[in-house]
Amino acid sequence: MTFAQRVTRAATGRQVLRFLFVMGVALATVSVGWVTLYRFVPPPGTPLMLIRMAGGAGIDKSWRSLDEISPNLSQAVIASEDTLFCSHAGFDWASMRQAWQGNLAGGQLRGGSTISMQTAKNAWLWQDRTYLRKGLEAWFTLWMELLWPKARVMEVYLNIIEWGDGIYGAEAASHAFFGKPAAGLTRREAALMAAVLPNPLRWSPAKPTRYIASRANVIQQRMSTVVRDGLGACVS
């Protein structure tokens, strides 16, 4: 290889690195701007909504502010999904460590997701269980926790998560399953709604199986602990 060829190859390598650096900075800037925008503007839709719509499902959603949603529902999802929601910075490291150990043991890929991480996943990302998706989820969660108050995280979470086929958010789900606005959810109804979140396409709060009814009983008991110990104080 001649000296000129070596110089040309080195120059090409620097150009590639420069391009990758610029693209990385641009993507990071756009993503942080996107998180900042959703701090003030309701997400108009989510990737999951688009995926389900492409598969033939409709989209039933109605945005409601947190004070228009019964506090029973916030208490229920904290009791069911993330009791440390108000105290962690987006990540439950103990749960993530347990999930990682399970992954290393050859189990199903899990992530020890918090409500914050689930909000990031639903607002910006797709639903698979790859390490790429989990890494992007962590990135969005980090910036969301830095830029949003906890009440906003809960507000967005309750408005965008899937509660049934084409049903998204607390208001649409409350009307679909109980014929009432989300502001009127009772403790039992909120517990049933939280109980189906692991698989909302399989289970229905309005027609609970024996397992879901039992799970809702446990959630109701834990809701009392959430209130007693102030575990939901950051959203009340």
# chains A, B, ... in the order shown; residues from 1 in each chain; ligands from 1

$ residues_around --residues "region 146-152 of chain A" --least-positions-apart "6" --cutoff "7 Å" --atoms "only C-alpha atoms" --output "PyMOL selection string"
chain A and resi 36+39+86+234-235

$ select_by_dssp --residues "region 6-232 of chain A" --states "strand (DSSP E or B)" --output "list in words"
Asp60, Lys61, Glu162, Trp163, Gly164, Ile167 and Tyr168 of chain A

$ write_last_selection --atoms "all heavy atoms" --output "CSV table (one decimal), in the first residue's frame"
chain,number,residue,atom,x,y,z
A,60,ASP,N,-59.3,3.5,20.6
A,60,ASP,CA,-60.3,4.1,21.5
A,60,ASP,C,-59.5,4.7,22.6
A,60,ASP,O,-58.9,4.0,23.4
A,60,ASP,CB,-61.3,3.1,22.0
A,60,ASP,CG,-62.3,3.7,22.9
A,60,ASP,OD1,-62.4,5.0,23.0
A,60,ASP,OD2,-63.1,3.0,23.5
A,61,LYS,N,-59.4,6.0,22.6
A,61,LYS,CA,-58.6,6.7,23.7
A,61,LYS,C,-59.2,8.1,23.9
A,61,LYS,O,-59.7,8.7,23.0
A,61,LYS,CB,-57.1,6.8,23.3
A,61,LYS,CG,-56.8,7.7,22.1
A,61,LYS,CD,-55.3,7.7,21.8
A,61,LYS,CE,-55.0,8.6,20.6
A,61,LYS,NZ,-55.1,10.0,21.0
A,162,GLU,N,-52.2,0.0,27.2
A,162,GLU,CA,-53.2,-0.8,26.5
A,162,GLU,C,-54.0,-1.5,27.6
A,162,GLU,O,-53.4,-2.1,28.5
A,162,GLU,CB,-52.5,-1.8,25.6
A,162,GLU,CG,-53.5,-2.6,24.8
A,162,GLU,CD,-52.7,-3.6,23.9
A,162,GLU,OE1,-51.7,-4.2,24.3
A,162,GLU,OE2,-53.2,-3.8,22.7
A,163,TRP,N,-55.3,-1.4,27.5
A,163,TRP,CA,-56.2,-2.1,28.4
A,163,TRP,C,-57.1,-3.1,27.7
A,163,TRP,O,-58.0,-3.7,28.4
A,163,TRP,CB,-57.0,-1.1,29.3
A,163,TRP,CG,-56.6,-1.1,30.7
A,163,TRP,CD1,-56.5,-2.1,31.6
A,163,TRP,CD2,-56.1,0.1,31.4
A,163,TRP,NE1,-56.0,-1.7,32.8
A,163,TRP,CE2,-55.8,-0.3,32.7
A,163,TRP,CE3,-55.9,1.4,31.1
A,163,TRP,CZ2,-55.3,0.5,33.7
A,163,TRP,CZ3,-55.4,2.3,32.0
A,163,TRP,CH2,-55.1,1.8,33.3
A,164,GLY,N,-57.0,-3.3,26.5
A,164,GLY,CA,-57.9,-4.2,25.7
A,164,GLY,C,-57.6,-4.0,24.2
A,164,GLY,O,-56.8,-3.2,23.8
A,167,ILE,N,-58.2,-0.5,23.0
A,167,ILE,CA,-58.6,0.3,24.2
A,167,ILE,C,-57.3,0.8,24.8
A,167,ILE,O,-56.5,0.0,25.3
A,167,ILE,CB,-59.4,-0.4,25.2
A,167,ILE,CG1,-60.7,-0.9,24.5
A,167,ILE,CG2,-59.8,0.4,26.3
A,167,ILE,CD1,-61.5,-1.9,25.3
A,168,TYR,N,-57.1,2.1,24.9
A,168,TYR,CA,-55.9,2.7,25.5
A,168,TYR,C,-56.3,3.8,26.5
A,168,TYR,O,-57.1,4.7,26.2
A,168,TYR,CB,-55.0,3.3,24.4
A,168,TYR,CG,-54.7,2.3,23.3
A,168,TYR,CD1,-55.4,2.2,22.2
A,168,TYR,CD2,-53.5,1.5,23.5
A,168,TYR,CE1,-55.1,1.2,21.2
A,168,TYR,CE2,-53.2,0.6,22.5
A,168,TYR,CZ,-54.0,0.4,21.4
A,168,TYR,OH,-53.7,-0.5,20.4

$ select_by_dssp --residues "region 12-142 of chain A" --states "helix (DSSP H, G or I)" --output "PyMOL selection string"
chain A and resi 12-40+47-54+66-68+71-81+93-104+115-124+131-142

$ closest_residue --among "A:Thr119, A:Thr46, A:Thr130, A:Ser174" --to "Glu145 (chain A)" --atoms "only C-alpha atoms"
A:Thr119

$ closest_residue --among "A:Leu192, A:Ile161, A:Thr114, A:Ala182" --to "Pro47 (chain A)" --atoms "only C-alpha atoms"
A:Ile161

$ residues_around --residues "region 68-84 of chain A" --least-positions-apart "3" --cutoff "6 Å" --atoms "only C-alpha atoms" --output "PyMOL selection string"
chain A and resi 64-65+87-88+114+182-183+185+187+190-191+194+219+222-223

$ write_last_selection --atoms "C-alpha atoms" --output "PDB file, in the first residue's frame"
ATOM      1  CA  ARG A  64     -57.659  12.874  30.931  1.00  0.00           C
ATOM      2  CA  SER A  65     -55.506  14.863  33.328  1.00  0.00           C
ATOM      3  CA  SER A  87     -38.818   6.865  45.564  1.00  0.00           C
ATOM      4  CA  HIS A  88     -36.757   5.505  42.661  1.00  0.00           C
ATOM      5  CA  THR A 114     -40.867   0.093  36.595  1.00  0.00           C
ATOM      6  CA  ALA A 182     -62.236   7.135  35.052  1.00  0.00           C
ATOM      7  CA  ALA A 183     -62.940   9.702  37.780  1.00  0.00           C
ATOM      8  CA  LEU A 185     -63.579   4.154  39.495  1.00  0.00           C
ATOM      9  CA  ARG A 187     -61.201   0.612  44.635  1.00  0.00           C
ATOM     10  CA  ALA A 190     -59.263   0.001  39.902  1.00  0.00           C
ATOM     11  CA  ALA A 191     -57.770  -3.183  41.325  1.00  0.00           C
ATOM     12  CA  ALA A 194     -54.500  -3.116  37.406  1.00  0.00           C
ATOM     13  CA  ILE A 219     -53.885  -5.577  44.887  1.00  0.00           C
ATOM     14  CA  ARG A 222     -51.674  -3.613  48.903  1.00  0.00           C
ATOM     15  CA  MET A 223     -53.519  -0.399  47.989  1.00  0.00           C
TER      16      MET A 223
END

$ atom_distance --atom1 "CA of Gly230 (chain A)" --atom2 "CA of His175 (chain A)"
28.8 Å

$ residues_around --residues "Ile212 (chain A)" --least-positions-apart "3" --cutoff "10 Å" --atoms "only C-alpha atoms" --output "list of chain:residue names"
A:Ala191, A:Leu192, A:Met193, A:Ala194, A:Ala195, A:Val196, A:Trp203, A:Ser204, A:Pro205, A:Lys207, A:Pro208, A:Thr209, A:Arg215, A:Ala216, A:Asn217, A:Val218

$ write_last_selection --atoms "N, CA, C and O atoms" --output "PDB file, in the first residue's frame"
ATOM      1  N   ALA A 191     -58.591  -1.990  41.103  1.00  0.00           N
ATOM      2  CA  ALA A 191     -57.770  -3.183  41.325  1.00  0.00           C
ATOM      3  C   ALA A 191     -57.923  -4.177  40.182  1.00  0.00           C
ATOM      4  O   ALA A 191     -56.944  -4.801  39.746  1.00  0.00           O
ATOM      5  N   LEU A 192     -59.136  -4.340  39.669  1.00  0.00           N
ATOM      6  CA  LEU A 192     -59.358  -5.241  38.540  1.00  0.00           C
ATOM      7  C   LEU A 192     -58.647  -4.737  37.288  1.00  0.00           C
ATOM      8  O   LEU A 192     -58.062  -5.524  36.536  1.00  0.00           O
ATOM      9  N   MET A 193     -58.671  -3.421  37.080  1.00  0.00           N
ATOM     10  CA  MET A 193     -57.979  -2.869  35.920  1.00  0.00           C
ATOM     11  C   MET A 193     -56.472  -3.068  36.026  1.00  0.00           C
ATOM     12  O   MET A 193     -55.806  -3.385  35.041  1.00  0.00           O
ATOM     13  N   ALA A 194     -55.934  -2.896  37.219  1.00  0.00           N
ATOM     14  CA  ALA A 194     -54.500  -3.116  37.406  1.00  0.00           C
ATOM     15  C   ALA A 194     -54.150  -4.590  37.255  1.00  0.00           C
ATOM     16  O   ALA A 194     -53.067  -4.935  36.755  1.00  0.00           O
ATOM     17  N   ALA A 195     -55.058  -5.453  37.661  1.00  0.00           N
ATOM     18  CA  ALA A 195     -54.783  -6.896  37.648  1.00  0.00           C
ATOM     19  C   ALA A 195     -54.590  -7.448  36.240  1.00  0.00           C
ATOM     20  O   ALA A 195     -53.867  -8.432  36.048  1.00  0.00           O
ATOM     21  N   VAL A 196     -55.218  -6.827  35.233  1.00  0.00           N
ATOM     22  CA  VAL A 196     -55.137  -7.378  33.868  1.00  0.00           C
ATOM     23  C   VAL A 196     -53.972  -6.812  33.068  1.00  0.00           C
ATOM     24  O   VAL A 196     -53.718  -7.266  31.948  1.00  0.00           O
ATOM     25  N   TRP A 203     -57.133 -10.913  29.276  1.00  0.00           N
ATOM     26  CA  TRP A 203     -58.008 -10.763  30.430  1.00  0.00           C
ATOM     27  C   TRP A 203     -58.855  -9.499  30.325  1.00  0.00           C
ATOM     28  O   TRP A 203     -58.452  -8.523  29.693  1.00  0.00           O
ATOM     29  N   SER A 204     -59.998  -9.494  30.988  1.00  0.00           N
ATOM     30  CA  SER A 204     -60.891  -8.339  30.998  1.00  0.00           C
ATOM     31  C   SER A 204     -61.271  -7.985  32.430  1.00  0.00           C
ATOM     32  O   SER A 204     -61.668  -8.883  33.195  1.00  0.00           O
ATOM     33  N   PRO A 205     -61.167  -6.709  32.814  1.00  0.00           N
ATOM     34  CA  PRO A 205     -61.607  -6.311  34.159  1.00  0.00           C
ATOM     35  C   PRO A 205     -63.097  -6.549  34.375  1.00  0.00           C
ATOM     36  O   PRO A 205     -63.530  -6.772  35.512  1.00  0.00           O
ATOM     37  N   LYS A 207     -64.887  -9.031  33.126  1.00  0.00           N
ATOM     38  CA  LYS A 207     -65.186 -10.456  33.231  1.00  0.00           C
ATOM     39  C   LYS A 207     -63.971 -11.179  33.806  1.00  0.00           C
ATOM     40  O   LYS A 207     -63.291 -11.939  33.119  1.00  0.00           O
ATOM     41  N   PRO A 208     -63.681 -10.909  35.078  1.00  0.00           N
ATOM     42  CA  PRO A 208     -62.458 -11.463  35.667  1.00  0.00           C
ATOM     43  C   PRO A 208     -62.520 -12.979  35.837  1.00  0.00           C
ATOM     44  O   PRO A 208     -63.536 -13.529  36.252  1.00  0.00           O
ATOM     45  N   THR A 209     -61.438 -13.634  35.475  1.00  0.00           N
ATOM     46  CA  THR A 209     -61.305 -15.059  35.773  1.00  0.00           C
ATOM     47  C   THR A 209     -61.063 -15.215  37.268  1.00  0.00           C
ATOM     48  O   THR A 209     -60.869 -14.244  38.003  1.00  0.00           O
ATOM     49  N   ARG A 215     -56.082 -12.040  42.098  1.00  0.00           N
ATOM     50  CA  ARG A 215     -55.016 -11.044  41.964  1.00  0.00           C
ATOM     51  C   ARG A 215     -55.522  -9.660  42.370  1.00  0.00           C
ATOM     52  O   ARG A 215     -54.810  -8.909  43.043  1.00  0.00           O
ATOM     53  N   ALA A 216     -56.752  -9.335  41.993  1.00  0.00           N
ATOM     54  CA  ALA A 216     -57.330  -8.048  42.372  1.00  0.00           C
ATOM     55  C   ALA A 216     -57.498  -7.945  43.887  1.00  0.00           C
ATOM     56  O   ALA A 216     -57.332  -6.859  44.463  1.00  0.00           O
ATOM     57  N   ASN A 217     -57.837  -9.044  44.540  1.00  0.00           N
ATOM     58  CA  ASN A 217     -57.947  -9.038  46.006  1.00  0.00           C
ATOM     59  C   ASN A 217     -56.619  -8.644  46.647  1.00  0.00           C
ATOM     60  O   ASN A 217     -56.573  -7.841  47.585  1.00  0.00           O
ATOM     61  N   VAL A 218     -55.530  -9.232  46.133  1.00  0.00           N
ATOM     62  CA  VAL A 218     -54.201  -8.921  46.662  1.00  0.00           C
ATOM     63  C   VAL A 218     -53.856  -7.454  46.412  1.00  0.00           C
ATOM     64  O   VAL A 218     -53.318  -6.758  47.289  1.00  0.00           O
TER      65      VAL A 218
END

$ atom_distance --atom1 "CA of Ala57 (chain A)" --atom2 "CA of Asp165 (chain A)"
6.7 Å

$ closest_residue --among "A:Gly184, A:Gln118, A:Ala28, A:Val226" --to "Leu197 (chain A)" --atoms "only C-alpha atoms"
A:Gln118

$ atom_distance --atom1 "CA of Gly166 (chain A)" --atom2 "CA of Ala54 (chain A)"
11.3 Å
